[in-house]
$ cat coords_9.txt   # compact mmCIF, C-alpha atoms
# COMPACT_ATOMS: atom_id res chain seq x y z
CA MET H 1 -92.20 -21.02 24.46
CA SER H 2 -93.38 -21.41 28.06
CA ALA H 3 -95.90 -18.55 27.78
CA ASN H 4 -97.16 -20.07 24.52
CA PHE H 5 -97.53 -23.45 26.15
CA ALA H 6 -99.43 -21.93 29.07
CA ASP H 7 -101.78 -20.29 26.55
CA TYR H 8 -102.20 -23.65 24.82
CA LEU H 9 -102.88 -25.50 28.07
CA THR H 10 -105.46 -23.05 29.37
CA LYS H 11 -107.56 -23.62 26.22
CA ILE H 12 -108.29 -27.06 27.65
CA PRO H 13 -111.17 -26.86 30.18
CA LEU H 14 -109.37 -29.13 32.66
CA PHE H 15 -106.52 -26.60 32.90
CA SER H 16 -108.41 -23.35 32.26
CA ASP H 17 -108.11 -22.11 35.87
CA LEU H 18 -104.32 -22.47 36.03
CA SER H 19 -101.93 -19.52 36.14
CA SER H 20 -98.88 -19.49 33.84
CA GLN H 21 -96.67 -20.79 36.68
CA GLU H 22 -99.19 -23.52 37.54
CA CYS H 23 -99.26 -24.54 33.86
CA MET H 24 -95.50 -24.90 33.93
CA ASP H 25 -95.77 -27.05 37.08
CA MET H 26 -98.09 -29.33 35.12
CA VAL H 27 -95.87 -29.31 32.03
CA ARG H 28 -93.06 -30.82 34.11
CA THR H 29 -95.21 -33.96 34.38
CA PHE H 30 -95.63 -34.22 30.58
CA SER H 31 -93.98 -36.47 28.07
CA SER H 32 -94.72 -36.70 24.34
CA ARG H 33 -96.12 -39.71 22.56
CA ASN H 34 -96.69 -40.33 18.85
CA LEU H 35 -99.08 -42.90 17.43
CA GLU H 36 -99.53 -44.27 13.95
CA GLU H 37 -103.04 -44.93 12.64
CA GLY H 38 -104.46 -48.00 14.37
CA ALA H 39 -102.10 -47.84 17.36
CA VAL H 40 -103.68 -48.29 20.80
CA LEU H 41 -102.99 -45.47 23.25
CA CYS H 42 -104.50 -47.36 26.18
CA ALA H 43 -106.58 -50.52 26.41
CA GLU H 44 -109.69 -51.38 28.40
CA GLY H 45 -108.79 -53.36 31.51
CA GLU H 46 -105.14 -52.25 31.65
CA PRO H 47 -103.93 -50.39 34.75
CA GLY H 48 -104.27 -46.63 34.42
CA ASP H 49 -100.88 -44.96 34.60
CA ALA H 50 -101.33 -41.74 32.62
CA MET H 51 -103.78 -39.22 31.24
CA TYR H 52 -103.44 -37.91 27.68
CA ILE H 53 -103.99 -34.60 25.88
CA ILE H 54 -104.44 -34.92 22.12
CA GLU H 55 -102.11 -32.44 20.43
CA LYS H 56 -102.63 -33.49 16.79
CA GLY H 57 -104.76 -36.12 15.14
CA GLN H 58 -107.83 -37.99 16.27
CA VAL H 59 -108.63 -41.06 18.38
CA LYS H 60 -111.67 -43.22 18.92
CA ILE H 61 -112.85 -44.53 22.26
CA THR H 62 -114.38 -48.00 22.29
CA LYS H 63 -115.79 -50.30 24.95
CA LYS H 64 -116.41 -54.03 24.81
CA THR H 65 -120.07 -55.00 24.95
CA ILE H 66 -121.34 -58.04 26.82
CA GLN H 67 -121.44 -59.80 23.44
CA GLY H 68 -117.72 -59.04 22.97
CA ASP H 69 -118.12 -56.41 20.25
CA ASP H 70 -116.26 -53.09 20.30
CA GLU H 71 -118.84 -50.31 20.65
CA GLU H 72 -117.54 -46.88 19.60
CA LEU H 73 -118.35 -44.33 22.29
CA ALA H 74 -116.69 -41.24 20.86
CA ARG H 75 -114.13 -39.71 18.55
CA ILE H 76 -112.01 -36.92 19.94
CA GLY H 77 -109.28 -34.71 18.57
CA VAL H 78 -107.08 -31.72 19.23
CA LEU H 79 -107.15 -30.34 22.81
CA ALA H 80 -109.27 -33.25 24.06
CA VAL H 81 -108.32 -35.11 27.23
CA VAL H 82 -108.63 -38.87 27.65
CA GLY H 83 -107.84 -41.21 30.53
CA GLU H 84 -108.27 -38.45 33.08
CA MET H 85 -109.83 -40.64 35.77
CA THR H 86 -106.49 -42.37 36.25
CA LEU H 87 -105.09 -39.23 37.87
CA LEU H 88 -107.55 -39.81 40.68
CA ASP H 89 -107.45 -43.55 41.24
CA GLY H 90 -105.18 -45.45 38.84
CA SER H 91 -107.85 -48.11 38.34
CA ALA H 92 -108.13 -50.25 35.25
CA ARG H 93 -109.01 -48.44 32.04
CA SER H 94 -112.74 -48.37 31.34
CA ALA H 95 -112.33 -48.16 27.55
CA THR H 96 -109.80 -48.52 24.73
CA VAL H 97 -108.38 -45.48 22.92
CA THR H 98 -107.09 -46.06 19.38
CA ALA H 99 -105.56 -43.59 16.91
CA ILE H 100 -107.69 -43.29 13.77
CA GLU H 101 -105.01 -41.21 12.08
CA LYS H 102 -101.43 -40.23 12.86
CA THR H 103 -101.72 -38.69 16.33
CA SER H 104 -99.44 -36.97 18.81
CA CYS H 105 -100.30 -36.40 22.43
CA TYR H 106 -98.93 -35.36 25.76
CA SER H 107 -98.92 -37.89 28.55
CA ILE H 108 -99.33 -36.87 32.20
CA ASP H 109 -97.89 -39.63 34.34
CA ARG H 110 -99.98 -40.45 37.42
CA LYS H 111 -96.91 -40.88 39.66
CA ALA H 112 -95.55 -37.47 38.59
CA PHE H 113 -98.97 -35.93 39.24
CA ASP H 114 -99.05 -37.57 42.68
CA ILE H 115 -95.76 -35.84 43.48
CA LEU H 116 -97.37 -32.47 42.72
CA VAL H 117 -100.20 -33.39 45.08
CA LYS H 118 -97.82 -34.46 47.86
CA GLN H 119 -95.83 -31.24 47.43
CA LEU H 120 -99.11 -29.29 47.70
CA HIS H 121 -98.83 -27.59 44.31
CA PRO H 122 -102.01 -25.55 43.69
CA ALA H 123 -102.07 -26.72 40.07
CA ALA H 124 -102.69 -30.31 41.13
CA PHE H 125 -105.59 -29.35 43.36
CA LYS H 126 -107.17 -27.14 40.70
CA VAL H 127 -106.98 -30.05 38.24
CA ILE H 128 -108.48 -32.44 40.81
CA ARG H 129 -111.34 -29.99 41.40
CA LYS H 130 -112.04 -29.73 37.65
CA LEU H 131 -111.92 -33.52 37.36
CA ALA H 132 -114.41 -33.85 40.21
CA LEU H 133 -116.78 -31.38 38.54
CA THR H 134 -116.46 -33.21 35.21
CA LEU H 135 -117.17 -36.58 36.82
CA CYS H 136 -120.18 -35.12 38.68
CA GLU H 137 -121.55 -33.86 35.37
CA ARG H 138 -121.09 -37.28 33.77
CA LEU H 139 -122.78 -39.02 36.71
CA ARG H 140 -125.76 -36.68 36.46
CA GLY H 141 -126.02 -37.54 32.76
CA ILE H 142 -125.97 -41.26 33.57
CA ASN H 143 -128.65 -40.71 36.21
CA THR H 144 -130.84 -38.93 33.65
CA ARG H 145 -130.42 -41.75 31.11
CA THR H 146 -131.19 -44.32 33.81
CA GLU H 147 -134.37 -42.46 34.77
CA GLU H 148 -135.38 -42.30 31.10
CA PHE H 149 -134.73 -46.03 30.70
CA PHE H 150 -136.92 -46.96 33.65
CA ALA H 151 -139.64 -44.44 32.78
CA ASP H 152 -140.64 -46.65 29.83
CA PRO H 153 -138.92 -50.03 30.19
CA GLN H 154 -140.76 -51.62 27.25
CA LYS H 155 -139.64 -48.88 24.86
CA SER H 156 -136.10 -49.12 26.25
CA MET H 157 -136.03 -52.89 25.80
CA ARG H 158 -137.23 -52.54 22.19
CA LYS H 159 -134.34 -50.16 21.55
CA MET H 160 -131.87 -52.59 23.10
CA VAL H 161 -133.18 -55.51 21.06
CA LYS H 162 -133.02 -53.41 17.90
CA ARG H 163 -129.39 -52.49 18.64
CA GLN H 164 -128.44 -56.14 18.94

$ encode --input "coords_9.txt" --output "structure tokens"
Amino acid sequence: MSANFADYLTKIPLFSDLSSQECMDMVRTFSSRNLEEGAVLCAEGEPGDAMYIIEKGQVKITKKTIQGDDEELARIGVLAVVGEMTLLDGSARSATVTAIEKTSCYSIDRKAFDILVKQLHPAAFKVIRKLALTLCERLRGINTRTEEFFADPQKSMRKMVKRQ
């Protein structure tokens, strides 16, 4: 079972650099969670206390707009990771994650992950490095979209007005 779980875990980009032993170090931080359709996994604005790996099912990620509407940002499923920023800072959730069908996931508790960091487990530092690279990639994408927005502000404003 443990070798199978290590194989499963390394299919996820965040954990792809981990050895079998490092995967098992991470697994010790896991707990299982099951959600019915419509159940909220985590809500925007709540404190971040865990990261989640979708084992079965599908969730949607939504964010409140200034007008108070829920804007769907993404739908993710099996082997996807959500809430990963909380492992770094534990800040409030930036979006809401809701099951759109019966879903099961693994939860990685931030406090348990912090123990791995304090005990200098290589797995924790490899995960932190992957998270940093992922966040850098996202920031570069935001920078590109910002540049595109300001390259033609009138066109961008027309798009925004049309969306509303």

$ closest_residue --input "coords_9.txt" --among "H:Ala95, H:Ala74, H:Leu9, H:Cys105" --to "Lys56 (chain H)" --atoms "all atoms listed in the file"
H:Cys105

$ atom_distance --input "coords_9.txt" --atom1 "CA of Gln58 (chain H)" --atom2 "CA of Ile76 (chain H)"
5.7 Å

$ residues_around --input "coords_9.txt" --residues "region 110-122 of chain H" --least-positions-apart "2" --cutoff "8 Å" --atoms "all atoms listed in the file" --output "tab-separated table (two decimals) with C-alpha atoms, keeping the file's coordinate frame"
chain	number	residue	atom	x	y	z
H	22	GLU	CA	-99.19	-23.52	37.54
H	25	ASP	CA	-95.77	-27.05	37.08
H	26	MET	CA	-98.09	-29.33	35.12
H	29	THR	CA	-95.21	-33.96	34.38
H	49	ASP	CA	-100.88	-44.96	34.60
H	50	ALA	CA	-101.33	-41.74	32.62
H	51	MET	CA	-103.78	-39.22	31.24
H	86	THR	CA	-106.49	-42.37	36.25
H	87	LEU	CA	-105.09	-39.23	37.87
H	90	GLY	CA	-105.18	-45.45	38.84
H	108	ILE	CA	-99.33	-36.87	32.20
H	124	ALA	CA	-102.69	-30.31	41.13
H	125	PHE	CA	-105.59	-29.35	43.36
H	126	LYS	CA	-107.17	-27.14	40.70

$ closest_residue --input "coords_9.txt" --among "H:Gly141, H:Gly45, H:Pro153, H:Gly38" --to "Val59 (chain H)" --atoms "only C-alpha atoms"
H:Gly38

$ atom_distance --input "coords_9.txt" --atom1 "CA of Phe150 (chain H)" --atom2 "CA of Ala132 (chain H)"
26.9 Å

$ atom_distance --input "coords_9.txt" --atom1 "CA of Cys42 (chain H)" --atom2 "CA of Leu131 (chain H)"
19.3 Å

$ closest_residue --input "coords_9.txt" --among "H:Ala123, H:Leu18, H:Cys23, H:Met157" --to "Phe5 (chain H)" --atoms "only C-alpha atoms"
H:Cys23

$ residues_around --input "coords_9.txt" --residues "Gln67 (chain H)" --least-positions-apart "3" --cutoff "12 Å" --atoms "only C-alpha atoms" --output "number ranges by chain"
H: 63-64, 70-71, 163-164

$ closest_residue --input "coords_9.txt" --among "H:Val27, H:Asn143, H:Ser156, H:Gly77" --to "Glu101 (chain H)" --atoms "all atoms listed in the file"
H:Gly77

$ residues_around --input "coords_9.txt" --residues "Pro47 (chain H)" --least-positions-apart "3" --cutoff "9 Å" --atoms "all atoms listed in the file" --output "list in words"
Ala43, Glu44, Thr86, Gly90, Ser91, Ala92 and Arg93 of chain H

$ build_atoms --input "coords_9.txt" --residues "region 104-123 of chain H" --atoms "N, CA and C atoms" --output "PDB file, in the coordinates of the input"
ATOM      1  N   SER H 104    -100.434 -37.250  17.773  1.00  0.00           N
ATOM      2  CA  SER H 104     -99.440 -36.970  18.810  1.00  0.00           C
ATOM      3  C   SER H 104    -100.180 -36.463  20.041  1.00  0.00           C
ATOM      4  N   CYS H 105     -99.652 -36.806  21.188  1.00  0.00           N
ATOM      5  CA  CYS H 105    -100.300 -36.400  22.430  1.00  0.00           C
ATOM      6  C   CYS H 105     -99.271 -36.175  23.518  1.00  0.00           C
ATOM      7  N   TYR H 106     -99.721 -35.523  24.554  1.00  0.00           N
ATOM      8  CA  TYR H 106     -98.930 -35.360  25.760  1.00  0.00           C
ATOM      9  C   TYR H 106     -99.477 -36.326  26.797  1.00  0.00           C
ATOM     10  N   SER H 107     -98.572 -36.952  27.502  1.00  0.00           N
ATOM     11  CA  SER H 107     -98.920 -37.890  28.550  1.00  0.00           C
ATOM     12  C   SER H 107     -98.618 -37.241  29.894  1.00  0.00           C
ATOM     13  N   ILE H 108     -99.562 -37.339  30.834  1.00  0.00           N
ATOM     14  CA  ILE H 108     -99.330 -36.870  32.200  1.00  0.00           C
ATOM     15  C   ILE H 108     -99.291 -38.112  33.080  1.00  0.00           C
ATOM     16  N   ASP H 109     -98.108 -38.447  33.531  1.00  0.00           N
ATOM     17  CA  ASP H 109     -97.890 -39.630  34.340  1.00  0.00           C
ATOM     18  C   ASP H 109     -98.547 -39.477  35.709  1.00  0.00           C
ATOM     19  N   ARG H 110     -99.271 -40.498  36.137  1.00  0.00           N
ATOM     20  CA  ARG H 110     -99.980 -40.450  37.420  1.00  0.00           C
ATOM     21  C   ARG H 110     -99.013 -40.294  38.592  1.00  0.00           C
ATOM     22  N   LYS H 111     -97.879 -40.985  38.563  1.00  0.00           N
ATOM     23  CA  LYS H 111     -96.910 -40.880  39.660  1.00  0.00           C
ATOM     24  C   LYS H 111     -96.343 -39.462  39.744  1.00  0.00           C
ATOM     25  N   ALA H 112     -96.057 -38.852  38.593  1.00  0.00           N
ATOM     26  CA  ALA H 112     -95.550 -37.470  38.590  1.00  0.00           C
ATOM     27  C   ALA H 112     -96.619 -36.510  39.111  1.00  0.00           C
ATOM     28  N   PHE H 113     -97.874 -36.761  38.740  1.00  0.00           N
ATOM     29  CA  PHE H 113     -98.970 -35.930  39.240  1.00  0.00           C
ATOM     30  C   PHE H 113     -99.119 -36.090  40.749  1.00  0.00           C
ATOM     31  N   ASP H 114     -98.975 -37.318  41.234  1.00  0.00           N
ATOM     32  CA  ASP H 114     -99.050 -37.570  42.680  1.00  0.00           C
ATOM     33  C   ASP H 114     -97.974 -36.802  43.446  1.00  0.00           C
ATOM     34  N   ILE H 115     -96.813 -36.632  42.832  1.00  0.00           N
ATOM     35  CA  ILE H 115     -95.760 -35.840  43.480  1.00  0.00           C
ATOM     36  C   ILE H 115     -96.204 -34.396  43.639  1.00  0.00           C
ATOM     37  N   LEU H 116     -96.841 -33.841  42.607  1.00  0.00           N
ATOM     38  CA  LEU H 116     -97.370 -32.470  42.720  1.00  0.00           C
ATOM     39  C   LEU H 116     -98.374 -32.368  43.870  1.00  0.00           C
ATOM     40  N   VAL H 117     -99.212 -33.380  43.998  1.00  0.00           N
ATOM     41  CA  VAL H 117    -100.200 -33.390  45.080  1.00  0.00           C
ATOM     42  C   VAL H 117     -99.486 -33.431  46.434  1.00  0.00           C
ATOM     43  N   LYS H 118     -98.534 -34.322  46.575  1.00  0.00           N
ATOM     44  CA  LYS H 118     -97.820 -34.460  47.860  1.00  0.00           C
ATOM     45  C   LYS H 118     -97.029 -33.207  48.216  1.00  0.00           C
ATOM     46  N   GLN H 119     -96.574 -32.483  47.181  1.00  0.00           N
ATOM     47  CA  GLN H 119     -95.830 -31.240  47.430  1.00  0.00           C
ATOM     48  C   GLN H 119     -96.765 -30.032  47.540  1.00  0.00           C
ATOM     49  N   LEU H 120     -98.069 -30.309  47.527  1.00  0.00           N
ATOM     50  CA  LEU H 120     -99.110 -29.290  47.700  1.00  0.00           C
ATOM     51  C   LEU H 120     -99.084 -28.182  46.646  1.00  0.00           C
ATOM     52  N   HIS H 121     -98.787 -28.560  45.401  1.00  0.00           N
ATOM     53  CA  HIS H 121     -98.830 -27.590  44.310  1.00  0.00           C
ATOM     54  C   HIS H 121    -100.290 -27.239  44.004  1.00  0.00           C
ATOM     55  N   PRO H 122    -100.624 -25.952  43.984  1.00  0.00           N
ATOM     56  CA  PRO H 122    -102.010 -25.550  43.690  1.00  0.00           C
ATOM     57  C   PRO H 122    -102.521 -26.095  42.360  1.00  0.00           C
ATOM     58  N   ALA H 123    -101.646 -26.218  41.379  1.00  0.00           N
ATOM     59  CA  ALA H 123    -102.070 -26.720  40.070  1.00  0.00           C
ATOM     60  C   ALA H 123    -102.731 -28.082  40.191  1.00  0.00           C
TER      61      ALA H 123
END
